[in-house]
$ cat model09.txt   # compact mmCIF, C-alpha atoms and all ligand atoms
# COMPACT_ATOMS: atom_id res chain seq x y z
CA MET A 1 4.58 -8.23 14.95
CA LEU A 2 1.90 -6.16 13.36
CA ILE A 3 -1.82 -6.34 13.51
CA ASN A 4 -2.92 -7.65 10.14
CA ASN A 5 -6.54 -6.77 10.46
CA GLN A 6 -6.11 -3.38 12.03
CA ARG A 7 -8.79 -1.04 10.77
CA CYS A 8 -8.85 2.68 11.29
CA PRO A 9 -7.51 2.78 14.86
CA ASP A 10 -8.07 6.50 15.16
CA LYS A 11 -11.76 5.88 14.76
CA ASP A 12 -11.65 2.90 17.14
CA ASN A 13 -9.90 4.94 19.81
CA ASN A 14 -12.27 7.75 19.12
CA GLU A 15 -9.45 10.24 19.35
CA TYR A 16 -7.99 12.54 16.74
CA THR A 17 -4.28 12.28 15.87
CA LEU A 18 -2.40 14.79 13.77
CA TYR A 19 0.61 12.78 12.61
CA ASP A 20 3.93 14.47 11.92
CA ALA A 21 4.09 12.47 8.72
CA ILE A 22 1.75 10.16 6.87
CA ILE A 23 3.44 7.73 4.52
CA THR A 24 1.40 6.01 1.84
CA GLY A 25 2.80 2.63 0.77
CA ALA A 26 4.71 0.14 2.91
CA GLY A 27 7.27 -0.97 0.35
CA ILE A 28 10.99 -0.44 0.86
CA ALA A 29 10.78 3.33 0.38
CA GLY A 30 7.84 3.92 2.71
CA LEU A 31 9.05 1.62 5.47
CA ALA A 32 12.63 2.91 5.37
CA CYS A 33 11.41 6.51 5.52
CA SER A 34 9.14 5.71 8.47
CA VAL A 35 12.09 4.26 10.42
CA TYR A 36 14.26 7.33 9.82
CA LEU A 37 11.44 9.67 10.89
CA SER A 38 10.29 7.75 13.94
CA ARG A 39 13.87 7.30 15.15
CA ALA A 40 14.15 11.10 15.05
CA GLY A 41 11.22 11.20 17.48
CA PHE A 42 8.29 11.93 15.16
CA LYS A 43 4.81 10.45 15.05
CA VAL A 44 4.39 8.52 11.83
CA CYS A 45 1.58 6.53 10.24
CA VAL A 46 2.15 4.21 7.26
CA ILE A 47 -0.90 3.32 5.19
CA GLU A 48 -0.72 0.19 3.01
CA ARG A 49 -3.36 -1.49 0.86
CA LYS A 50 -1.86 -5.02 0.96
CA LYS A 51 -2.71 -7.47 3.69
CA GLU A 52 0.85 -8.59 4.32
CA ILE A 53 4.11 -6.65 4.35
CA GLY A 54 6.68 -7.88 1.82
CA TYR A 55 4.50 -10.32 -0.12
CA PRO A 56 4.00 -11.21 -2.89
CA VAL A 57 7.59 -10.50 -4.01
CA CYS A 58 7.83 -8.99 -7.47
CA CYS A 59 11.54 -8.26 -7.77
CA GLY A 60 14.87 -9.67 -8.97
CA GLU A 61 16.06 -8.90 -5.40
CA ALA A 62 19.50 -7.55 -6.32
CA VAL A 63 21.05 -4.54 -4.64
CA SER A 64 24.62 -3.25 -4.50
CA LYS A 65 26.58 -3.52 -1.28
CA LYS A 66 27.14 0.22 -1.27
CA SER A 67 23.44 1.07 -1.53
CA LEU A 68 22.40 -1.26 1.25
CA HIS A 69 25.19 -0.25 3.61
CA ASP A 70 24.65 3.48 2.90
CA SER A 71 21.03 3.08 3.99
CA GLY A 72 22.10 1.86 7.43
CA PHE A 73 19.70 -1.09 7.19
CA TYR A 74 22.14 -3.89 6.37
CA HIS A 75 21.39 -7.01 8.40
CA PRO A 76 22.44 -10.59 7.58
CA SER A 77 19.00 -12.01 8.47
CA TYR A 78 17.45 -11.22 5.09
CA ILE A 79 20.53 -11.70 2.86
CA ASP A 80 20.27 -14.73 0.59
CA SER A 81 23.72 -14.54 -1.02
CA LYS A 82 26.61 -12.28 -1.92
CA VAL A 83 27.25 -11.09 -5.46
CA LYS A 84 30.69 -10.34 -6.93
CA GLY A 85 29.43 -8.40 -9.90
CA TYR A 86 27.49 -8.98 -13.07
CA ARG A 87 27.88 -10.43 -16.51
CA VAL A 88 26.24 -9.03 -19.57
CA TYR A 89 25.54 -11.83 -22.04
CA TYR A 90 25.20 -11.34 -25.78
CA PRO A 91 23.26 -13.55 -28.23
CA ASP A 92 26.25 -15.87 -28.88
CA ASP A 93 26.62 -16.38 -25.08
CA ASN A 94 29.85 -14.39 -25.00
CA TYR A 95 29.79 -12.00 -22.09
CA MET A 96 31.31 -8.89 -20.55
CA GLU A 97 32.04 -8.84 -16.82
CA VAL A 98 31.77 -6.01 -14.32
CA ASP A 99 33.05 -6.08 -10.75
CA SER A 100 30.52 -4.59 -8.35
CA GLN A 101 29.76 -6.20 -5.05
CA GLY A 102 26.23 -6.65 -3.90
CA TYR A 103 23.60 -8.95 -2.50
CA LEU A 104 20.65 -11.01 -3.48
CA LEU A 105 18.03 -10.37 -0.83
CA ASN A 106 15.08 -12.25 0.49
CA ARG A 107 13.05 -9.21 -0.28
CA GLY A 108 9.95 -10.22 1.64
CA ALA A 109 12.11 -10.76 4.71
CA PHE A 110 13.86 -7.40 4.14
CA GLU A 111 10.54 -5.56 4.14
CA LYS A 112 9.42 -7.46 7.23
CA TYR A 113 12.72 -6.49 8.89
CA LEU A 114 12.10 -2.81 8.09
CA CYS A 115 8.56 -3.18 9.38
CA CYS A 116 9.85 -4.58 12.69
CA LEU A 117 12.24 -1.64 13.06
CA ALA A 118 9.40 0.75 12.28
CA GLU A 119 7.08 -0.78 14.85
CA LYS A 120 9.80 -0.88 17.48
CA SER A 121 10.30 2.84 17.07
CA GLY A 122 6.58 3.52 17.34
CA VAL A 123 5.32 3.77 13.75
CA LYS A 124 1.62 3.00 13.29
CA ILE A 125 1.23 0.64 10.33
CA LEU A 126 -2.19 0.12 8.81
CA LEU A 127 -2.67 -2.80 6.43
CA LYS A 128 -5.61 -3.51 4.13
CA THR A 129 -6.15 0.24 3.93
CA PRO A 130 -6.11 1.50 0.34
CA VAL A 131 -5.61 5.24 -0.08
CA LEU A 132 -8.45 6.73 -2.12
CA SER A 133 -7.46 10.39 -2.36
CA CYS A 134 -5.30 13.03 -0.71
CA PHE A 135 -5.07 16.81 -0.62
CA GLN A 136 -3.26 19.53 1.29
CA ASP A 137 -3.92 22.99 2.67
CA ARG A 138 -1.51 25.44 4.33
CA GLU A 139 -1.29 23.56 7.63
CA LYS A 140 -1.71 19.89 6.88
CA VAL A 141 -2.29 17.03 4.47
CA THR A 142 -5.43 14.89 4.46
CA VAL A 143 -5.46 11.29 3.29
CA LYS A 144 -8.78 9.56 2.62
CA THR A 145 -8.72 5.80 2.80
CA SER A 146 -11.24 3.00 2.66
CA CYS A 147 -11.02 2.94 6.48
CA GLY A 148 -11.29 6.60 7.33
CA VAL A 149 -9.50 9.92 7.06
CA PHE A 150 -5.99 10.60 8.36
CA GLU A 151 -4.21 13.90 8.76
CA GLY A 152 -0.55 14.79 9.01
CA LYS A 153 1.81 17.72 8.79
CA TYR A 154 3.62 16.14 5.83
CA LEU A 155 2.77 13.45 3.31
CA ILE A 156 5.43 11.11 1.92
CA ALA A 157 3.98 9.32 -1.10
CA ALA A 158 5.71 5.95 -1.46
CA ASP A 159 2.91 4.12 -3.25
CA GLY A 160 4.93 2.67 -6.08
CA PRO A 161 5.18 2.97 -9.88
CA GLU A 162 1.48 3.70 -10.43
CA SER A 163 1.32 6.15 -7.50
CA LEU A 164 -2.22 7.35 -6.96
CA CYS A 165 -0.97 10.02 -4.53
CA ALA A 166 1.37 11.45 -7.15
CA SER A 167 -1.58 11.86 -9.52
CA PHE A 168 -3.26 14.30 -7.09
CA PHE A 169 -0.28 16.67 -7.00
CA SER A 170 1.90 16.11 -10.06
CA PRO A 171 0.81 16.80 -13.64
CA GLU A 172 3.57 14.43 -14.79
CA LYS A 173 2.25 11.01 -15.80
CA ASN A 174 3.75 7.85 -14.29
CA LYS A 175 5.86 6.30 -17.05
CA TRP A 176 6.74 2.66 -16.68
CA LEU A 177 7.78 -0.49 -18.50
CA PRO A 178 5.93 -3.73 -17.97
CA ALA A 179 8.05 -6.46 -16.37
CA ALA A 180 7.51 -10.17 -15.84
CA GLN A 181 9.48 -12.70 -13.87
CA TYR A 182 9.55 -16.44 -13.28
CA ARG A 183 10.93 -17.89 -10.11
CA ILE A 184 12.44 -21.19 -11.17
CA LYS A 185 13.58 -23.86 -8.77
CA GLU A 186 17.26 -24.75 -8.80
CA ASN A 187 18.12 -27.67 -11.10
CA GLY A 188 15.07 -26.71 -13.11
CA VAL A 189 17.25 -24.92 -15.67
CA PRO A 190 20.74 -26.35 -15.96
CA GLY A 191 23.04 -23.56 -16.98
CA ALA A 192 20.84 -20.88 -15.47
CA CYS A 193 22.13 -21.63 -12.02
CA LYS A 194 25.81 -22.35 -12.41
CA ARG A 195 27.08 -18.75 -12.21
CA SER A 196 26.07 -18.23 -8.67
CA GLU A 197 28.30 -15.28 -7.82
CA PHE A 198 27.39 -13.05 -10.75
CA LEU A 199 24.10 -11.52 -11.74
CA GLY A 200 23.28 -12.36 -15.35
CA PHE A 201 21.93 -9.75 -17.76
CA TYR A 202 21.04 -10.96 -21.23
CA TYR A 203 20.64 -9.00 -24.43
CA ASP A 204 18.58 -10.81 -26.98
CA SER A 205 16.70 -9.89 -30.13
CA LEU A 206 13.46 -10.97 -28.39
CA SER A 207 13.28 -7.63 -26.55
CA PRO A 208 14.89 -4.17 -26.85
CA TYR A 209 15.57 -4.32 -23.10
CA TYR A 210 17.65 -6.81 -21.18
CA PHE A 211 16.47 -10.02 -19.52
CA TRP A 212 17.92 -11.09 -16.20
CA ASN A 213 18.80 -14.28 -14.40
CA PHE A 214 19.65 -13.85 -10.72
CA GLU A 215 20.44 -17.10 -9.05
CA LYS A 216 19.54 -17.34 -5.40
CA SER A 217 20.22 -20.24 -3.04
CA GLY A 218 17.03 -22.13 -3.81
CA TYR A 219 15.89 -20.75 -7.15
CA SER A 220 16.55 -18.35 -10.00
CA ASN A 221 14.69 -15.12 -10.67
CA ILE A 222 14.47 -14.98 -14.46
CA GLY A 223 12.68 -11.98 -15.88
CA GLY A 224 12.53 -9.24 -18.42
CA CYS A 225 10.85 -5.99 -19.39
CA VAL A 226 8.13 -7.68 -21.40
CA SER A 227 4.36 -7.65 -21.16
CA ASP A 228 3.91 -10.88 -23.04
CA LYS A 229 4.59 -13.94 -20.92
CA THR A 230 5.35 -16.02 -24.02
CA ILE A 231 8.35 -13.80 -24.88
CA LEU A 232 9.86 -14.55 -21.48
CA CYS A 233 9.19 -18.28 -22.00
CA ASP A 234 10.82 -18.06 -25.46
CA PHE A 235 13.85 -16.40 -23.89
CA ILE A 236 14.15 -19.09 -21.21
CA ASN A 237 13.76 -21.90 -23.74
CA LYS A 238 16.29 -20.30 -26.07
CA ARG A 239 19.00 -19.45 -23.56
CA PHE A 240 18.68 -22.19 -20.95
CA THR A 241 18.18 -25.33 -22.95
CA GLY A 242 17.43 -28.77 -21.57
CA GLY A 243 16.44 -29.71 -18.07
CA ASP A 244 13.26 -30.18 -16.24
CA ARG A 245 11.92 -26.71 -15.49
CA LYS A 246 10.12 -26.28 -12.24
CA ILE A 247 8.33 -22.99 -12.23
CA HIS A 248 7.72 -21.91 -8.69
CA GLU A 249 6.01 -18.59 -9.26
CA PHE A 250 5.14 -16.07 -11.98
CA VAL A 251 4.82 -12.36 -11.21
CA ARG A 252 4.16 -9.21 -13.19
CA GLY A 253 5.09 -5.68 -12.24
CA LYS A 254 5.97 -2.25 -13.52
CA ILE A 255 9.31 -0.48 -13.61
CA PRO A 256 9.41 3.33 -13.81
CA ALA A 257 11.34 4.11 -16.96
CA GLY A 258 11.21 7.86 -17.39
CA GLY A 259 13.91 8.64 -14.81
CA LEU A 260 13.37 10.87 -11.78
CA LYS A 261 10.26 13.05 -12.19
CA LYS A 262 10.92 16.74 -12.88
CA LYS A 263 9.16 17.78 -9.67
CA ILE A 264 8.98 15.52 -6.62
CA VAL A 265 8.00 18.01 -3.91
CA PHE A 266 4.65 19.84 -3.82
CA GLY A 267 4.32 21.97 -0.70
CA ARG A 268 3.93 19.48 2.17
CA VAL A 269 4.02 16.46 -0.12
CA ALA A 270 7.10 14.53 -1.28
CA LEU A 271 7.17 11.63 -3.74
CA ILE A 272 9.75 8.93 -3.03
CA GLY A 273 10.90 5.59 -4.49
CA ASP A 274 9.07 4.40 -7.61
CA ALA A 275 6.40 7.06 -7.04
CA ALA A 276 9.12 9.64 -7.74
CA GLY A 277 10.57 7.67 -10.66
CA ALA A 278 13.73 7.06 -8.59
CA VAL A 279 14.89 4.21 -10.77
CA ASN A 280 18.20 4.26 -12.59
CA PRO A 281 17.38 4.86 -16.26
CA VAL A 282 20.18 2.58 -17.48
CA SER A 283 20.13 -0.33 -15.04
CA LEU A 284 16.38 0.00 -14.21
CA ALA A 285 17.30 -0.84 -10.60
CA GLY A 286 15.06 0.84 -8.04
CA ILE A 287 15.86 -0.55 -4.59
CA TYR A 288 18.75 1.87 -4.18
CA GLY A 289 16.56 4.76 -5.35
CA ALA A 290 13.89 3.74 -2.86
CA LEU A 291 16.44 3.68 -0.03
CA MET A 292 18.18 6.89 -1.05
CA SER A 293 14.97 8.89 -1.54
CA ALA A 294 13.63 7.56 1.78
CA LYS A 295 16.72 8.85 3.58
CA LEU A 296 16.87 12.23 1.86
CA SER A 297 13.14 12.89 2.21
CA ALA A 298 13.26 11.93 5.90
CA GLU A 299 16.17 14.35 6.45
CA ALA A 300 14.18 17.18 4.88
CA ALA A 301 11.04 16.26 6.86
CA VAL A 302 13.01 16.14 10.13
CA LEU A 303 14.42 19.58 9.41
CA SER A 304 10.96 20.90 8.56
CA LEU A 305 9.38 19.42 11.70
CA LYS A 306 12.18 20.60 13.97
CA THR A 307 12.26 24.17 12.68
CA GLY A 308 8.59 24.54 11.85
CA VAL A 309 9.62 25.82 8.41
CA ASN A 310 8.76 23.69 5.38
CA SER A 311 12.15 22.62 3.98
CA MET A 312 10.96 19.74 1.79
CA SER A 313 12.44 21.41 -1.30
CA LYS A 314 15.84 20.40 0.13
CA TYR A 315 14.88 16.79 -0.63
CA GLU A 316 14.23 17.60 -4.29
CA LYS A 317 17.54 19.46 -4.55
CA ASP A 318 19.45 16.59 -2.91
CA MET A 319 17.90 13.99 -5.22
CA LYS A 320 18.81 16.09 -8.23
CA LYS A 321 22.44 16.12 -7.11
CA SER A 322 22.51 12.30 -7.20
CA ASN A 323 23.16 10.35 -10.37
CA PHE A 324 19.43 9.99 -11.15
CA THR A 325 19.23 13.19 -13.11
CA ARG A 326 22.56 12.93 -14.96
CA MET A 327 22.01 13.80 -18.58
CA GLU A 328 24.58 11.20 -19.67
CA LEU A 329 22.61 8.42 -18.01
CA LYS A 330 19.36 9.51 -19.65
CA TYR A 331 21.21 9.69 -22.96
CA LEU A 332 22.74 6.23 -22.46
CA ALA A 333 19.36 4.80 -21.47
CA LYS A 334 17.97 5.94 -24.82
CA LYS A 335 20.95 4.81 -26.85
CA CYS A 336 21.80 1.52 -25.15
CA SER A 337 18.53 -0.30 -25.72
CA GLY A 338 17.25 -1.84 -28.91
CA TYR A 339 20.71 -2.66 -30.30
CA PRO A 340 20.57 -4.59 -33.57
CA GLU A 341 21.77 -8.21 -33.39
CA LYS A 342 25.03 -7.32 -35.16
CA ALA A 343 25.96 -4.74 -32.54
CA LEU A 344 25.32 -7.31 -29.81
CA LEU A 345 27.47 -9.87 -31.60
CA PHE A 346 30.19 -7.24 -31.96
CA LEU A 347 30.16 -6.64 -28.21
CA GLY A 348 30.17 -10.37 -27.44
CA GLY A 349 33.08 -10.96 -29.81
CA TYR A 350 34.97 -7.98 -28.43
CA PHE A 351 34.60 -8.70 -24.72
CA THR A 352 34.67 -12.54 -24.84
CA GLY A 353 34.40 -12.79 -21.07
CA ARG A 354 36.74 -9.88 -20.30
CA LYS A 355 36.06 -7.12 -17.80
CA PHE A 356 34.32 -4.00 -19.04
CA HIS A 357 37.19 -1.72 -18.01
CA THR A 358 39.83 -3.59 -20.06
CA ILE A 359 40.76 -2.39 -23.53
CA ASP A 360 41.95 -4.45 -26.52
CA ILE A 361 42.44 -2.09 -29.46
CA ARG A 362 43.54 -4.83 -31.85
CA LEU A 363 40.49 -6.93 -31.19
CA PHE A 364 38.27 -3.87 -31.40
CA LEU A 365 39.58 -3.06 -34.87
CA LYS A 366 39.31 -6.70 -35.92
CA MET A 367 35.67 -6.82 -34.80
CA LEU A 368 35.02 -3.52 -36.53
CA LYS A 369 36.21 -5.01 -39.81
CA LYS A 370 33.73 -7.82 -39.31
CA TYR A 371 30.79 -5.58 -38.36
CA PRO A 372 31.63 -2.07 -39.68
CA VAL A 373 28.07 -0.75 -39.63
CA VAL A 374 27.61 -1.18 -35.91
CA LEU A 375 30.01 1.54 -34.75
CA LYS A 376 27.31 4.23 -34.63
CA TYR A 377 25.36 2.18 -32.10
CA LEU A 378 28.35 1.67 -29.85
CA ILE A 379 29.77 5.20 -29.80
CA PRO A 380 27.55 6.42 -26.90
CA MET A 381 28.64 3.52 -24.70
CA PHE A 382 32.32 3.91 -25.46
CA ILE A 383 32.20 7.72 -25.02
CA HIS A 384 30.67 7.33 -21.55
CA ARG A 385 32.75 4.30 -20.65
CA ASN A 386 34.58 6.10 -17.83
CA LEU A 387 31.34 7.31 -16.29
CA LEU A 388 29.93 3.77 -16.35
CA ILE A 389 33.09 2.41 -14.73
CA LYS A 390 33.19 5.13 -12.05
CA GLU A 391 29.48 4.91 -11.24
CA THR A 392 29.16 1.11 -11.27
CA ASP A 393 28.38 0.77 -7.57
CA ASN A 394 25.95 3.70 -7.70
CA MET A 395 23.89 2.21 -10.50
CA TRP A 396 22.01 -0.47 -8.52
C1 LIG A 401 9.88 -7.70 -11.95
C2 LIG A 401 10.71 -6.64 -11.25
C3 LIG A 401 12.00 -6.92 -10.87
C4 LIG A 401 12.79 -5.95 -10.22
N1 LIG A 401 14.05 -6.27 -9.82
C5 LIG A 401 14.81 -5.35 -9.19
C6 LIG A 401 16.11 -5.67 -8.71
O1 LIG A 401 16.57 -6.81 -8.81
N2 LIG A 401 16.83 -4.69 -8.10
C7 LIG A 401 16.35 -3.42 -7.96
O2 LIG A 401 17.08 -2.56 -7.42
N3 LIG A 401 15.12 -3.09 -8.37
C8 LIG A 401 14.33 -4.02 -8.97
N4 LIG A 401 13.05 -3.70 -9.36
C9 LIG A 401 12.53 -2.35 -9.03
C10 LIG A 401 12.19 -2.31 -7.53
O3 LIG A 401 11.45 -3.45 -7.16
C11 LIG A 401 11.39 -1.04 -7.20
O4 LIG A 401 12.09 0.06 -7.72
C12 LIG A 401 11.20 -0.89 -5.68
O5 LIG A 401 10.38 -1.91 -5.22
C13 LIG A 401 10.57 0.46 -5.34
O6 LIG A 401 10.17 0.44 -3.99
P1 LIG A 401 8.96 1.38 -3.51
O7 LIG A 401 8.86 1.21 -2.06
O8 LIG A 401 9.13 2.74 -4.09
O9 LIG A 401 7.67 0.79 -4.25
P2 LIG A 401 6.92 -0.58 -4.02
O10 LIG A 401 7.84 -1.65 -3.61
O11 LIG A 401 6.10 -0.79 -5.27
O12 LIG A 401 5.93 -0.29 -2.81
C14 LIG A 401 4.78 0.52 -2.96
C15 LIG A 401 3.76 0.11 -1.92
O13 LIG A 401 2.65 0.99 -1.99
C16 LIG A 401 1.47 0.24 -1.87
N5 LIG A 401 0.37 0.99 -2.51
C17 LIG A 401 0.22 1.28 -3.81
N6 LIG A 401 -0.91 1.98 -4.00
C18 LIG A 401 -1.48 2.13 -2.78
C19 LIG A 401 -2.66 2.77 -2.33
N7 LIG A 401 -3.50 3.39 -3.17
N8 LIG A 401 -2.94 2.74 -1.01
C20 LIG A 401 -2.09 2.14 -0.12
N9 LIG A 401 -0.97 1.51 -0.50
C21 LIG A 401 -0.66 1.51 -1.81
C22 LIG A 401 1.78 -1.06 -2.59
O14 LIG A 401 0.92 -2.10 -2.17
C23 LIG A 401 3.23 -1.30 -2.16
O15 LIG A 401 3.32 -2.05 -0.98
C24 LIG A 401 12.25 -4.65 -9.99
C25 LIG A 401 10.94 -4.37 -10.37
C26 LIG A 401 10.17 -5.35 -10.99
C27 LIG A 401 8.75 -5.02 -11.38

$ encode --input "model09.txt" --output "structure tokens"
Amino acid sequence: MLINNQRCPDKDNNEYTLYDAIITGAGIAGLACSVYLSRAGFKVCVIERKKEIGYPVCCGEAVSKKSLHDSGFYHPSYIDSKVKGYRVYYPDDNYMEVDSQGYLLNRGAFEKYLCCLAEKSGVKILLKTPVLSCFQDREKVTVKTSCGVFEGKYLIAADGPESLCASFFSPEKNKWLPAAQYRIKENGVPGACKRSEFLGFYYDSLSPYYFWNFEKSGYSNIGGCVSDKTILCDFINKRFTGGDRKIHEFVRGKIPAGGLKKKIVFGRVALIGDAAGAVNPVSLAGIYGALMSAKLSAEAAVLSLKTGVNSMSKYEKDMKKSNFTRMELKYLAKKCSGYPEKALLFLGGYFTGRKFHTIDIRLFLKMLKKYPVVLKYLIPMFIHRNLLIKETDNMW
């Protein structure tokens, strides 16, 4: 498929190539963008520091049906299982249910699939090639790597949550939350694996953010926005009692948490995916942001390359029309984390397994009598209830 040890082919061939676009980072965003651009007939080079596309996997691997199908990259080969929706669990194990169809992916296979498409349409993919610096002048962008210097008409920075490329152009700091995840073999945690058709999100006093349990065919991805491994272990021991746990893998990563960056286009340079902060501030899901920003940035680059007029600002405008920059979502993200235990118990007692969109005024008032002080925490969520219902499929 691709040449793992390829090193600086331009130098090897002893010929200079001015690429139409250089893409830094061969994650979902970078690979998807390279496919869109090369299919439009442009010469693209993707520069990646890892030695293998798609691995190691550091992801819960969940994406909504709508997001994947909108990208045009749906293919059954990398789908692990279908998802009917998700359940939000509260400390007493009561839950609230939301219908929203989606998939659990084999993410490594998904990235390899995108890589195959990219190579088929002529993209040059360089592995084991860390980007060291980049800059632009009026005509082109220059990317310095450990294996040589590459030049292109446009630079798409898709180098993830700690984007080095972004730091050369954007004064905005990369803001992220630490995340950790265990991959636990099925039967290892009885109870963690029985709800196969729903993603599980768990609110617990151990962390202000949610934990997740996504059950795939062979194992569960159980993780949370925590830096301390022991907190995740405490969560697993507390919520999934008993059983013989077989930990398959432990990974750590970073999730952009500041929402879409204020500026994501700088002349001939566009930031996409996690590098742009294209992660939903409420759900913290980023695969759909990676896919969407890849598509919109590629459209703007195609227009720029076809007309010879830099139209990359169209990408920034298009992204700002999407739900990433909605004030309500930013507001909800601030207000809907760090709930006190009582507010969580209120929600558990109120929903008791019902769907989020259903209303039970009597029960609401009854619960309010029991926990009167919690109302102030819940107002933001109930005010924006309709938005959350309407946008469910666009949130992940
Ligand atoms: C633990 C965890 C669980 C998650 N679960 C989900 C989930 O279930 N659903 C969901 O929607 N989102 C989830 N996310 C978020 C999601 O994984 C990201 O938003 C998504 O991967 C962003 O894709 P990307 O292509 O922008 O970045 P990445 O996937 O991070 O790809 C960036 C690429 O750039 C490369 N790179 C970085 N620096 C350099 C450099 N200097 N030179 C060359 N290459 C470089 C990296 O090696 C990497 O391959 C999760 C995140 C974490 C950490």

$ residues_near_ligand --input "model09.txt" --ligand "ligand LIG 401 (chain A)" --cutoff "7 Å" --atoms "all atoms listed in the file" --output "PyMOL selection string"
chain A and resi 24-30+47-50+58-63+129-132+158-161+163-164+179-181+223+251-255+272-275+279+284-290+396

$ closest_atom_pairs --input "model09.txt" --of "range 317-352 of chain A" --to "range 260-265 of chain A" --cutoff "9 Å" --atoms "all atoms listed in the file" --output "CSV"
residue,atom,partner,partner_atom,distance
A:Met319,CA,A:Leu260,CA,8.6
A:Lys320,CA,A:Leu260,CA,8.3
A:Phe324,CA,A:Leu260,CA,6.2
A:Thr325,CA,A:Leu260,CA,6.4

$ closest_residue --input "model09.txt" --among "A:Leu329, A:Leu345, A:Gly308, A:Arg362" --to "His384 in chain A" --atoms "all atoms listed in the file"
A:Leu329

$ axis_aligned_box --input "model09.txt" --around "range 111-119 of chain A" --padding-each-side "6 Å" --output "lines of an AutoDock Vina configuration file"
center_x = 9.9
center_y = -3.4
center_z = 9.5
size_x = 17.6
size_y = 20.2
size_z = 22.7

$ atom_distance --input "model09.txt" --atom1 "CA of Lys84 in chain A" --atom2 "CA of Ser207 in chain A"
26.4 Å

$ atom_distance --input "model09.txt" --atom1 "CA of Leu271 in chain A" --atom2 "CA of Tyr103 in chain A"
26.4 Å

$ atom_distance --input "model09.txt" --atom1 "CA of Val269 in chain A" --atom2 "CA of Leu155 in chain A"
4.7 Å

$ closest_residue --input "model09.txt" --among "A:Gly267, A:Gly54, A:Gly259, A:Pro340" --to "Arg138 in chain A" --atoms "all atoms listed in the file"
A:Gly267

$ closest_residue --input "model09.txt" --among "A:Ser297, A:Gln101, A:Ser283, A:Asn386" --to "Leu37 in chain A" --atoms "all atoms listed in the file"
A:Ser297

$ closest_atom_pairs --input "model09.txt" --of "range 215-314 of chain A" --to "range 196-201 of chain A" --cutoff "9 Å" --atoms "all atoms listed in the file" --output "Markdown table"
| residue | atom | partner | partner_atom | distance |
| --- | --- | --- | --- | --- |
| A:Glu215 | CA | A:Ser196 | CA | 5.8 |
| A:Lys216 | CA | A:Ser196 | CA | 7.4 |
| A:Ser217 | CA | A:Ser196 | CA | 8.4 |

$ write_last_selection --input "model09.txt" --atoms "C-alpha atoms" --output "tab-separated table (two decimals), keeping the file's coordinate frame"
chain	number	residue	atom	x	y	z
A	215	GLU	CA	20.44	-17.10	-9.05
A	216	LYS	CA	19.54	-17.34	-5.40
A	217	SER	CA	20.22	-20.24	-3.04
